$ cat upload.cif   # mmCIF, C-alpha atoms and all ligand atoms
data_work
#
loop_
_atom_site.group_PDB
_atom_site.id
_atom_site.type_symbol
_atom_site.label_atom_id
_atom_site.label_comp_id
_atom_site.auth_asym_id
_atom_site.auth_seq_id
_atom_site.Cartn_x
_atom_site.Cartn_y
_atom_site.Cartn_z
ATOM 1 C CA MET K 29 0.000 0.000 0.000
ATOM 2 C CA ARG K 30 2.038 2.920 -1.280
ATOM 3 C CA PHE K 31 1.081 6.593 -1.016
ATOM 4 C CA ASP K 32 3.642 8.030 -3.440
ATOM 5 C CA HIS K 33 2.699 11.517 -4.699
ATOM 6 C CA LYS K 34 -0.151 11.710 -2.150
ATOM 7 C CA SER K 35 -0.521 14.617 0.266
ATOM 8 C CA ILE K 36 -2.276 13.802 3.515
ATOM 9 C CA VAL K 37 -3.503 16.077 6.310
ATOM 10 C CA VAL K 38 -3.663 14.498 9.770
ATOM 11 C CA THR K 39 -5.267 16.422 12.623
ATOM 12 C CA GLY K 40 -4.005 15.285 16.013
ATOM 13 C CA GLY K 41 -0.962 13.935 14.191
ATOM 14 C CA ALA K 42 1.505 14.880 16.925
ATOM 15 C CA LEU K 43 0.723 11.995 19.260
ATOM 16 C CA GLY K 44 -1.020 8.670 19.631
ATOM 17 C CA ILE K 45 -3.087 7.209 16.809
ATOM 18 C CA GLY K 46 -2.603 10.262 14.569
ATOM 19 C CA LYS K 47 1.170 10.093 14.947
ATOM 20 C CA ALA K 48 1.178 6.378 14.070
ATOM 21 C CA ALA K 49 -0.888 7.162 10.967
ATOM 22 C CA CYS K 50 1.565 9.904 9.956
ATOM 23 C CA GLU K 51 4.468 7.477 10.341
ATOM 24 C CA ILE K 52 2.827 4.805 8.191
ATOM 25 C CA PHE K 53 1.864 7.290 5.453
ATOM 26 C CA ALA K 54 5.365 8.793 5.437
ATOM 27 C CA GLU K 55 7.053 5.366 5.335
ATOM 28 C CA ARG K 56 4.916 4.582 2.271
ATOM 29 C CA GLY K 57 5.725 7.713 0.313
ATOM 30 C CA ALA K 58 3.151 10.396 1.266
ATOM 31 C CA SER K 59 3.773 14.045 2.150
ATOM 32 C CA LEU K 60 2.282 14.833 5.552
ATOM 33 C CA ALA K 61 0.682 17.952 6.972
ATOM 34 C CA ILE K 62 0.471 17.498 10.730
ATOM 35 C CA LEU K 63 -2.088 19.786 12.379
ATOM 36 C CA ASP K 64 -2.017 19.785 16.177
ATOM 37 C CA TRP K 65 -2.117 22.233 19.049
ATOM 38 C CA ASP K 66 0.832 20.568 20.828
ATOM 39 C CA GLU K 67 3.754 22.379 19.217
ATOM 40 C CA LYS K 68 6.546 20.453 20.911
ATOM 41 C CA ALA K 69 5.098 17.012 20.144
ATOM 42 C CA GLY K 70 4.177 18.110 16.617
ATOM 43 C CA GLU K 71 7.696 19.346 15.858
ATOM 44 C CA ASP K 72 9.156 16.157 17.365
ATOM 45 C CA THR K 73 6.946 14.035 15.110
ATOM 46 C CA ARG K 74 7.844 16.104 12.052
ATOM 47 C CA ARG K 75 11.568 15.825 12.839
ATOM 48 C CA SER K 76 11.426 12.068 13.377
ATOM 49 C CA ILE K 77 9.526 11.561 10.081
ATOM 50 C CA GLU K 78 12.103 13.651 8.239
ATOM 51 C CA ALA K 79 14.983 11.842 9.975
ATOM 52 C CA ASN K 80 13.560 8.616 8.554
ATOM 53 C CA GLY K 81 13.496 10.059 5.028
ATOM 54 C CA GLY K 82 9.842 11.165 5.007
ATOM 55 C CA LYS K 83 8.316 14.503 4.043
ATOM 56 C CA ALA K 84 6.279 16.406 6.620
ATOM 57 C CA MET K 85 5.247 19.871 7.744
ATOM 58 C CA PHE K 86 3.821 20.785 11.141
ATOM 59 C CA GLN K 87 1.345 23.552 11.855
ATOM 60 C CA LYS K 88 0.148 24.550 15.298
ATOM 61 C CA VAL K 89 -3.633 24.705 15.094
ATOM 62 C CA ASN K 90 -6.602 24.374 17.405
ATOM 63 C CA VAL K 91 -9.008 22.328 15.272
ATOM 64 C CA ALA K 92 -11.945 24.089 16.931
ATOM 65 C CA GLU K 93 -11.020 27.327 15.106
ATOM 66 C CA PHE K 94 -12.119 27.148 11.480
ATOM 67 C CA GLY K 95 -10.038 30.099 10.266
ATOM 68 C CA ALA K 96 -6.836 28.565 11.599
ATOM 69 C CA VAL K 97 -7.660 25.135 10.153
ATOM 70 C CA GLU K 98 -8.504 26.649 6.764
ATOM 71 C CA ALA K 99 -5.240 28.610 6.683
ATOM 72 C CA ALA K 100 -3.171 25.554 7.675
ATOM 73 C CA ILE K 101 -4.773 23.290 5.075
ATOM 74 C CA GLY K 102 -4.413 26.024 2.435
ATOM 75 C CA ALA K 103 -0.713 26.267 3.289
ATOM 76 C CA ALA K 104 -0.354 22.481 3.005
ATOM 77 C CA ALA K 105 -2.055 22.491 -0.413
ATOM 78 C CA GLU K 106 0.235 25.301 -1.526
ATOM 79 C CA ALA K 107 3.352 23.475 -0.310
ATOM 80 C CA PHE K 108 2.437 20.035 -1.671
ATOM 81 C CA GLY K 109 0.360 21.004 -4.724
ATOM 82 C CA SER K 110 -2.727 19.006 -3.682
ATOM 83 C CA ILE K 111 -4.561 17.431 -0.750
ATOM 84 C CA ASP K 112 -5.542 13.807 -1.385
ATOM 85 C CA SER K 113 -6.623 12.608 2.038
ATOM 86 C CA LEU K 114 -7.650 13.857 5.440
ATOM 87 C CA VAL K 115 -7.417 11.904 8.680
ATOM 88 C CA VAL K 116 -9.162 13.380 11.709
ATOM 89 C CA SER K 117 -7.587 12.073 14.891
ATOM 90 C CA ALA K 118 -7.607 15.178 17.127
ATOM 91 C CA GLY K 119 -9.840 14.451 20.068
ATOM 92 C CA ILE K 120 -10.205 14.939 23.804
ATOM 93 C CA GLN K 121 -11.830 12.910 26.567
ATOM 94 C CA ARG K 122 -13.758 14.475 29.455
ATOM 95 C CA TYR K 123 -15.794 12.774 32.165
ATOM 96 C CA GLY K 124 -19.266 13.505 33.485
ATOM 97 C CA THR K 125 -22.946 12.589 33.367
ATOM 98 C CA ALA K 126 -25.858 14.678 32.071
ATOM 99 C CA VAL K 127 -25.876 16.337 35.494
ATOM 100 C CA THR K 128 -22.182 16.697 36.321
ATOM 101 C CA THR K 129 -20.954 17.764 32.859
ATOM 102 C CA ASP K 130 -20.884 21.546 32.822
ATOM 103 C CA GLU K 131 -21.552 23.695 29.782
ATOM 104 C CA GLY K 132 -17.866 24.520 29.343
ATOM 105 C CA GLN K 133 -16.913 20.832 29.162
ATOM 106 C CA TRP K 134 -19.758 20.061 26.759
ATOM 107 C CA ASP K 135 -18.747 22.906 24.457
ATOM 108 C CA GLU K 136 -15.056 21.994 24.654
ATOM 109 C CA VAL K 137 -15.629 18.348 23.708
ATOM 110 C CA MET K 138 -18.083 19.162 20.915
ATOM 111 C CA SER K 139 -15.902 21.895 19.487
ATOM 112 C CA VAL K 140 -12.798 19.675 19.318
ATOM 113 C CA ASN K 141 -14.198 16.194 18.595
ATOM 114 C CA LEU K 142 -17.117 17.106 16.352
ATOM 115 C CA LYS K 143 -16.799 20.662 15.075
ATOM 116 C CA GLY K 144 -13.047 20.077 14.690
ATOM 117 C CA ALA K 145 -13.774 17.193 12.311
ATOM 118 C CA TRP K 146 -16.232 19.292 10.337
ATOM 119 C CA ASN K 147 -13.757 22.196 10.231
ATOM 120 C CA ALA K 148 -11.012 19.963 8.829
ATOM 121 C CA ALA K 149 -13.360 18.412 6.268
ATOM 122 C CA ARG K 150 -14.809 21.680 5.028
ATOM 123 C CA ALA K 151 -11.342 23.168 4.669
ATOM 124 C CA SER K 152 -9.977 20.043 2.890
ATOM 125 C CA ILE K 153 -12.823 19.098 0.544
ATOM 126 C CA PRO K 154 -12.288 22.046 -1.856
ATOM 127 C CA TYR K 155 -8.812 20.595 -2.515
ATOM 128 C CA ILE K 156 -9.652 16.865 -2.328
ATOM 129 C CA ARG K 157 -12.544 17.233 -4.801
ATOM 130 C CA LYS K 158 -10.145 18.424 -7.532
ATOM 131 C CA GLN K 159 -8.895 14.857 -8.065
ATOM 132 C CA GLY K 160 -10.899 12.750 -5.566
ATOM 133 C CA GLY K 161 -9.610 11.208 -2.366
ATOM 134 C CA THR K 162 -10.495 10.060 1.099
ATOM 135 C CA ILE K 163 -11.446 11.206 4.580
ATOM 136 C CA VAL K 164 -11.057 8.960 7.627
ATOM 137 C CA ASN K 165 -12.551 10.066 10.935
ATOM 138 C CA VAL K 166 -11.245 8.468 14.124
ATOM 139 C CA SER K 167 -14.350 7.881 16.187
ATOM 140 C CA SER K 168 -14.532 5.263 18.971
ATOM 141 C CA VAL K 169 -16.327 2.176 20.194
ATOM 142 C CA GLN K 170 -18.103 4.820 22.240
ATOM 143 C CA ALA K 171 -19.892 5.808 19.015
ATOM 144 C CA LEU K 172 -21.667 2.442 19.063
ATOM 145 C CA ALA K 173 -22.006 1.701 22.769
ATOM 146 C CA SER K 174 -21.239 3.616 25.936
ATOM 147 C CA GLN K 175 -19.870 3.570 29.474
ATOM 148 C CA GLN K 176 -20.865 5.451 32.578
ATOM 149 C CA ASN K 177 -19.740 9.040 33.083
ATOM 150 C CA VAL K 178 -18.730 9.876 29.484
ATOM 151 C CA LEU K 179 -21.740 11.875 28.284
ATOM 152 C CA ALA K 180 -20.063 14.545 26.155
ATOM 153 C CA TYR K 181 -17.386 12.249 24.715
ATOM 154 C CA THR K 182 -19.738 9.455 23.698
ATOM 155 C CA THR K 183 -22.216 11.957 22.254
ATOM 156 C CA SER K 184 -19.461 13.582 20.184
ATOM 157 C CA LYS K 185 -18.266 10.199 18.914
ATOM 158 C CA HIS K 186 -21.817 9.158 17.956
ATOM 159 C CA GLY K 187 -22.076 12.502 16.131
ATOM 160 C CA LEU K 188 -18.896 11.791 14.222
ATOM 161 C CA ILE K 189 -20.581 8.751 12.669
ATOM 162 C CA GLY K 190 -23.392 11.002 11.447
ATOM 163 C CA LEU K 191 -20.874 13.451 10.038
ATOM 164 C CA THR K 192 -19.069 10.570 8.290
ATOM 165 C CA ARG K 193 -22.201 9.138 6.705
ATOM 166 C CA SER K 194 -23.552 12.524 5.698
ATOM 167 C CA MET K 195 -20.326 13.544 3.975
ATOM 168 C CA ALA K 196 -20.045 10.108 2.334
ATOM 169 C CA MET K 197 -23.428 10.721 0.708
ATOM 170 C CA ASP K 198 -22.739 14.311 -0.283
ATOM 171 C CA PHE K 199 -19.384 13.678 -1.956
ATOM 172 C CA ALA K 200 -19.560 10.106 -3.310
ATOM 173 C CA LYS K 201 -20.211 11.324 -6.861
ATOM 174 C CA GLU K 202 -17.117 13.502 -6.655
ATOM 175 C CA GLY K 203 -14.874 10.549 -5.856
ATOM 176 C CA ILE K 204 -14.447 11.378 -2.180
ATOM 177 C CA ARG K 205 -14.851 8.397 0.141
ATOM 178 C CA VAL K 206 -15.524 9.088 3.819
ATOM 179 C CA ASN K 207 -15.222 6.407 6.503
ATOM 180 C CA ALA K 208 -14.873 6.099 10.254
ATOM 181 C CA VAL K 209 -12.802 3.829 12.455
ATOM 182 C CA CYS K 210 -13.994 2.958 15.940
ATOM 183 C CA PRO K 211 -11.061 1.853 18.085
ATOM 184 C CA GLY K 212 -11.276 -0.016 21.344
ATOM 185 C CA THR K 213 -8.731 0.986 23.974
ATOM 186 C CA VAL K 214 -5.383 2.097 22.551
ATOM 187 C CA ASP K 215 -2.086 2.633 24.365
ATOM 188 C CA THR K 216 -1.620 6.374 23.747
ATOM 189 C CA PRO K 217 -1.033 9.531 25.821
ATOM 190 C CA MET K 218 -4.836 9.880 26.052
ATOM 191 C CA LEU K 219 -5.060 6.534 27.847
ATOM 192 C CA GLN K 220 -2.068 7.407 30.046
ATOM 193 C CA TRP K 221 -3.844 10.615 31.056
ATOM 194 C CA ALA K 222 -7.131 8.791 31.723
ATOM 195 C CA ALA K 223 -5.335 6.150 33.826
ATOM 196 C CA SER K 224 -3.527 8.871 35.787
ATOM 197 C CA LEU K 225 -6.888 10.101 37.093
ATOM 198 C CA ASP K 226 -7.235 6.790 38.982
ATOM 199 C CA PRO K 227 -5.374 6.299 42.278
ATOM 200 C CA ASP K 228 -4.100 2.993 40.843
ATOM 201 C CA PRO K 229 -3.248 3.641 37.153
ATOM 202 C CA ASP K 230 -1.953 0.086 36.637
ATOM 203 C CA SER K 231 -5.373 -1.285 37.539
ATOM 204 C CA VAL K 232 -6.890 0.770 34.693
ATOM 205 C CA TYR K 233 -4.531 -0.878 32.200
ATOM 206 C CA GLU K 234 -5.276 -4.317 33.667
ATOM 207 C CA ALA K 235 -9.023 -3.737 33.383
ATOM 208 C CA CYS K 236 -8.683 -2.445 29.821
ATOM 209 C CA ASN K 237 -6.545 -5.423 28.793
ATOM 210 C CA ALA K 238 -9.015 -7.845 30.354
ATOM 211 C CA MET K 239 -12.153 -6.373 28.787
ATOM 212 C CA HIS K 240 -10.988 -6.981 25.200
ATOM 213 C CA PRO K 241 -11.604 -10.580 24.068
ATOM 214 C CA ILE K 242 -8.210 -10.522 22.359
ATOM 215 C CA GLY K 243 -6.734 -10.113 25.855
ATOM 216 C CA ARG K 244 -4.978 -6.771 25.486
ATOM 217 C CA ILE K 245 -5.339 -3.186 24.378
ATOM 218 C CA ALA K 246 -4.194 -2.005 20.931
ATOM 219 C CA GLN K 247 -0.963 -0.355 19.927
ATOM 220 C CA PRO K 248 -1.500 2.851 17.888
ATOM 221 C CA ARG K 249 -0.142 1.286 14.692
ATOM 222 C CA GLU K 250 -2.832 -1.400 14.800
ATOM 223 C CA ILE K 251 -5.446 1.342 14.405
ATOM 224 C CA ALA K 252 -3.312 3.307 11.947
ATOM 225 C CA GLU K 253 -3.030 0.313 9.597
ATOM 226 C CA VAL K 254 -6.831 0.297 9.218
ATOM 227 C CA ILE K 255 -6.834 4.065 8.742
ATOM 228 C CA ALA K 256 -4.210 3.635 6.011
ATOM 229 C CA PHE K 257 -6.312 0.978 4.266
ATOM 230 C CA LEU K 258 -9.381 3.231 4.307
ATOM 231 C CA ALA K 259 -7.301 6.141 3.001
ATOM 232 C CA HIS K 260 -5.849 4.036 0.177
ATOM 233 C CA ASP K 261 -7.288 3.008 -3.198
ATOM 234 C CA SER K 262 -7.255 -0.589 -1.906
ATOM 235 C CA SER K 263 -10.571 0.238 -0.188
ATOM 236 C CA SER K 264 -12.033 1.792 -3.358
ATOM 237 C CA PHE K 265 -15.591 0.462 -2.830
ATOM 238 C CA VAL K 266 -15.779 1.417 0.871
ATOM 239 C CA THR K 267 -17.583 4.613 1.803
ATOM 240 C CA GLY K 268 -19.877 5.667 4.636
ATOM 241 C CA ALA K 269 -18.586 2.676 6.583
ATOM 242 C CA VAL K 270 -17.956 2.339 10.291
ATOM 243 C CA TRP K 271 -15.062 0.010 11.061
ATOM 244 C CA THR K 272 -14.643 -1.306 14.577
ATOM 245 C CA VAL K 273 -10.988 -1.990 15.397
ATOM 246 C CA ASP K 274 -11.571 -3.194 18.910
ATOM 247 C CA GLY K 275 -10.072 -6.622 19.580
ATOM 248 C CA GLY K 276 -13.605 -8.027 19.654
ATOM 249 C CA LEU K 277 -14.795 -5.682 22.405
ATOM 250 C CA LEU K 278 -18.223 -4.945 20.934
ATOM 251 C CA THR K 279 -18.734 -8.509 19.744
ATOM 252 C CA GLN K 280 -18.949 -10.096 23.153
ATOM 253 C CA ILE K 281 -21.967 -10.577 25.360
ATOM 254 C CA GLY K 282 -21.079 -11.076 29.014
ATOM 255 C CA GLY K 283 -22.570 -13.609 31.399
ATOM 256 C CA VAL K 284 -21.648 -16.863 29.666
ATOM 257 C CA PRO K 285 -20.384 -19.383 32.227
ATOM 258 C CA LYS K 286 -16.735 -20.397 31.867
ATOM 259 C CA THR K 287 -16.020 -23.815 30.366
ATOM 260 C CA ASP K 288 -12.780 -25.742 30.113
ATOM 261 C CA GLN K 289 -12.339 -24.738 26.450
HETATM 262 N N1 LIG E 301 -6.692 5.996 23.021
HETATM 263 C C1 LIG E 301 -7.850 5.349 22.977
HETATM 264 O O1 LIG E 301 -8.071 4.390 23.738
HETATM 265 C C2 LIG E 301 -8.911 5.744 21.986
HETATM 266 C C3 LIG E 301 -9.978 4.869 21.803
HETATM 267 C C4 LIG E 301 -10.973 5.194 20.892
HETATM 268 C C5 LIG E 301 -10.908 6.384 20.190
HETATM 269 N N2 LIG E 301 -9.869 7.241 20.389
HETATM 270 C C6 LIG E 301 -9.867 8.481 19.619
HETATM 271 O O2 LIG E 301 -8.739 8.485 18.781
HETATM 272 C C7 LIG E 301 -8.325 9.825 18.553
HETATM 273 C C8 LIG E 301 -6.854 9.932 18.893
HETATM 274 O O3 LIG E 301 -6.730 9.574 20.259
HETATM 275 P P1 LIG E 301 -5.327 9.272 20.935
HETATM 276 O O4 LIG E 301 -5.563 8.215 21.932
HETATM 277 O O5 LIG E 301 -4.277 9.155 19.921
HETATM 278 O O6 LIG E 301 -5.195 10.648 21.744
HETATM 279 P P2 LIG E 301 -3.895 11.456 22.157
HETATM 280 O O7 LIG E 301 -4.325 12.401 23.228
HETATM 281 O O8 LIG E 301 -2.807 10.521 22.449
HETATM 282 O O9 LIG E 301 -3.594 12.259 20.822
HETATM 283 C C9 LIG E 301 -4.537 13.205 20.361
HETATM 284 C C10 LIG E 301 -3.818 14.290 19.603
HETATM 285 O O10 LIG E 301 -4.800 15.287 19.281
HETATM 286 C C11 LIG E 301 -4.277 16.571 19.611
HETATM 287 N N3 LIG E 301 -5.374 17.486 19.901
HETATM 288 C C12 LIG E 301 -6.301 17.382 20.882
HETATM 289 N N4 LIG E 301 -7.117 18.429 20.845
HETATM 290 C C13 LIG E 301 -6.714 19.218 19.809
HETATM 291 C C14 LIG E 301 -7.159 20.457 19.278
HETATM 292 N N5 LIG E 301 -8.199 21.113 19.806
HETATM 293 N N6 LIG E 301 -6.528 20.957 18.208
HETATM 294 C C15 LIG E 301 -5.460 20.308 17.669
HETATM 295 N N7 LIG E 301 -4.971 19.170 18.148
HETATM 296 C C16 LIG E 301 -5.600 18.623 19.205
HETATM 297 C C17 LIG E 301 -3.376 16.309 20.812
HETATM 298 O O11 LIG E 301 -2.430 17.347 21.029
HETATM 299 C C18 LIG E 301 -2.736 14.983 20.435
HETATM 300 O O12 LIG E 301 -1.579 15.167 19.641
HETATM 301 C C19 LIG E 301 -9.204 10.704 19.431
HETATM 302 O O13 LIG E 301 -10.216 11.261 18.647
HETATM 303 C C20 LIG E 301 -9.779 9.740 20.436
HETATM 304 O O14 LIG E 301 -11.024 10.162 20.906
HETATM 305 C C21 LIG E 301 -8.859 6.942 21.262
#

$ encode --input "upload.cif" --output "structure tokens"
Amino acid sequence: MRFDHKSIVVTGGALGIGKAACEIFAERGASLAILDWDEKAGEDTRRSIEANGGKAMFQKVNVAEFGAVEAAIGAAAEAFGSIDSLVVSAGIQRYGTAVTTDEGQWDEVMSVNLKGAWNAARASIPYIRKQGGTIVNVSSVQALASQQNVLAYTTSKHGLIGLTRSMAMDFAKEGIRVNAVCPGTVDTPMLQWAASLDPDPDSVYEACNAMHPIGRIAQPREIAEVIAFLAHDSSSFVTGAVWTVDGGLLTQIGGVPKTDQ
């Protein structure tokens, strides 16, 4: 799966799943535009891609601000000559119920996870539509099921599926395919942060490993490989699709008694 002569924008490309996607695209020949609000991590990722022979630019952007996203994607198109694909991986997790989530948290999560995805798509599509291409939104298993105490996050991730399907319909005739991946738990800085909120962070990892039928959480590249497939012509008949990449998490039904097998 080569990406020679392709230019790819990755929001949230400084760390975690987005960074792993950038690395795979760069290893396979693409030019990368990394959009992220973490300048240090973004520059580190750019430098390490270039040190490995890849081509990348980094731009410090808050994806919630359309003007900044539009300017960054315009600069990437100018530098690379085209935009072929967009991957939306920028996202934040916040905790609360319908009662304990305050308006600031709700707005923050929606503006990054949902509006940020729309911002990146509406700034990229004018370029992608010139030759066709792909958009991959990183949603979550929490788009298809939920946990306790994650109201804003799970709502934003459900919304991202709607955004994905809606854009898939609107732009199919223009050769733009739009898909979503729904990861289970992935070993990234986001998970490290979430675990650090618990008095016993190791127990969070143990619980996450145990809840996936495959017996462990994912490494970022295991999600990024599916992102790469959906971004590539290899998936040419896939659009509007929602791909779980969850080690079987959403497949299981609890309560079955243990047997010897
Ligand atoms: N880690 C998991 O277990 C997991 C599971 C399912 C879905 N996801 C989703 O995958 C995506 C990537 O998650 P991750 O685990 O790699 O997270 P991460 O925190 O490790 O990386 C997210 C990246 O997004 C950037 N970012 C966050 N808000 C931003 C903003 N407003 N503007 C620009 N950049 C911003 C961060 O700086 C960071 O580089 C997220 O959308 C997350 O919700 C993660």

$ axis_aligned_box --input "upload.cif" --around "segment 116-125 of chain K" --padding-each-side "3 Å" --output "JSON"
{"center_x": -15.3, "center_y": 13.6, "center_z": 22.6, "size_x": 21.4, "size_y": 9.1, "size_z": 27.8}

$ residues_near_ligand --input "upload.cif" --ligand "ligand LIG 301 (chain E)" --cutoff "7 Å" --atoms "all atoms listed in the file" --output "JSON, numbers by chain"
{"K": [39, 40, 41, 42, 43, 44, 45, 46, 63, 64, 65, 66, 69, 89, 90, 91, 92, 117, 118, 119, 120, 121, 140, 141, 166, 167, 168, 169, 210, 211, 212, 213, 214, 215, 216, 217, 218, 219]}

$ closest_residue --input "upload.cif" --among "K:Phe257, K:Tyr181, K:Phe199, K:Tyr233" --to "Glu136 of chain K" --atoms "only C-alpha atoms"
K:Tyr181

$ closest_residue --input "upload.cif" --among "K:Met197, K:Met85, K:Gly161, K:Glu250" --to "Thr272 of chain K" --atoms "all atoms listed in the file"
K:Glu250

$ atom_distance --input "upload.cif" --atom1 "atom CA of Glu234 of chain K" --atom2 "atom CA of Ile52 of chain K"
28.2 Å

$ resolve_selection --input "upload.cif" --expression "the PyMOL selection byres (((chain K and resi 54) around 9) and not hetatm)" --output "VMD selection string"
chain K and resid 31 49 to 53 55 to 60 77 to 78 80 to 84

$ closest_residue --input "upload.cif" --among "K:Ala99, K:Ala107, K:Met195, K:Val115" --to "Ala256 of chain K" --atoms "only C-alpha atoms"
K:Val115

$ atom_distance --input "upload.cif" --atom1 "atom CA of Val37 of chain K" --atom2 "atom CA of Ile101 of chain K"
7.4 Å

$ atom_distance --input "upload.cif" --atom1 "atom CA of Ala151 of chain K" --atom2 "atom CA of Ala79 of chain K"
29.1 Å

$ closest_residue --input "upload.cif" --among "K:Ile111, K:Ala246, K:Ile255, K:Ala235" --to "Pro154 of chain K" --atoms "only C-alpha atoms"
K:Ile111

$ residues_near_point --input "upload.cif" --point "(-19.4, 15.8, 27.1)" --cutoff "12 Å" --atoms "only C-alpha atoms" --output "mmCIF file with C-alpha atoms, in the coordinates of the input"
data_model
loop_
_atom_site.group_PDB
_atom_site.id
_atom_site.type_symbol
_atom_site.label_atom_id
_atom_site.label_comp_id
_atom_site.auth_asym_id
_atom_site.auth_seq_id
_atom_site.Cartn_x
_atom_site.Cartn_y
_atom_site.Cartn_z
ATOM 1 C CA GLY K 119 -9.840 14.451 20.068
ATOM 2 C CA ILE K 120 -10.205 14.939 23.804
ATOM 3 C CA GLN K 121 -11.830 12.910 26.567
ATOM 4 C CA ARG K 122 -13.758 14.475 29.455
ATOM 5 C CA TYR K 123 -15.794 12.774 32.165
ATOM 6 C CA GLY K 124 -19.266 13.505 33.485
ATOM 7 C CA THR K 125 -22.946 12.589 33.367
ATOM 8 C CA ALA K 126 -25.858 14.678 32.071
ATOM 9 C CA VAL K 127 -25.876 16.337 35.494
ATOM 10 C CA THR K 128 -22.182 16.697 36.321
ATOM 11 C CA THR K 129 -20.954 17.764 32.859
ATOM 12 C CA ASP K 130 -20.884 21.546 32.822
ATOM 13 C CA GLU K 131 -21.552 23.695 29.782
ATOM 14 C CA GLY K 132 -17.866 24.520 29.343
ATOM 15 C CA GLN K 133 -16.913 20.832 29.162
ATOM 16 C CA TRP K 134 -19.758 20.061 26.759
ATOM 17 C CA ASP K 135 -18.747 22.906 24.457
ATOM 18 C CA GLU K 136 -15.056 21.994 24.654
ATOM 19 C CA VAL K 137 -15.629 18.348 23.708
ATOM 20 C CA MET K 138 -18.083 19.162 20.915
ATOM 21 C CA SER K 139 -15.902 21.895 19.487
ATOM 22 C CA VAL K 140 -12.798 19.675 19.318
ATOM 23 C CA ASN K 141 -14.198 16.194 18.595
ATOM 24 C CA LEU K 142 -17.117 17.106 16.352
ATOM 25 C CA GLN K 176 -20.865 5.451 32.578
ATOM 26 C CA ASN K 177 -19.740 9.040 33.083
ATOM 27 C CA VAL K 178 -18.730 9.876 29.484
ATOM 28 C CA LEU K 179 -21.740 11.875 28.284
ATOM 29 C CA ALA K 180 -20.063 14.545 26.155
ATOM 30 C CA TYR K 181 -17.386 12.249 24.715
ATOM 31 C CA THR K 182 -19.738 9.455 23.698
ATOM 32 C CA THR K 183 -22.216 11.957 22.254
ATOM 33 C CA SER K 184 -19.461 13.582 20.184
ATOM 34 C CA LYS K 185 -18.266 10.199 18.914
ATOM 35 C CA HIS K 186 -21.817 9.158 17.956
ATOM 36 C CA GLY K 187 -22.076 12.502 16.131
#

$ resolve_selection --input "upload.cif" --expression "the PyMOL selection byres (((chain K and resi 269) around 8) and not hetatm)" --output "number ranges by chain"
K: 193, 206-208, 266-268, 270-271

$ resolve_selection --input "upload.cif" --expression "the PyMOL selection byres (((chain K and resi 276) around 10) and not hetatm)" --output "list of chain:residue names"
K:Gly212, K:Met239, K:His240, K:Pro241, K:Ile242, K:Gly243, K:Thr272, K:Val273, K:Asp274, K:Gly275, K:Leu277, K:Leu278, K:Thr279, K:Gln280

$ closest_residue --input "upload.cif" --among "K:Ala171, K:Asp72, K:Val97, K:Val254" --to "Asn147 of chain K" --atoms "only C-alpha atoms"
K:Val97

$ closest_residue --input "upload.cif" --among "K:Ser35, K:Ser264, K:Gln220, K:Gln159" --to "Glu202 of chain K" --atoms "only C-alpha atoms"
K:Gln159
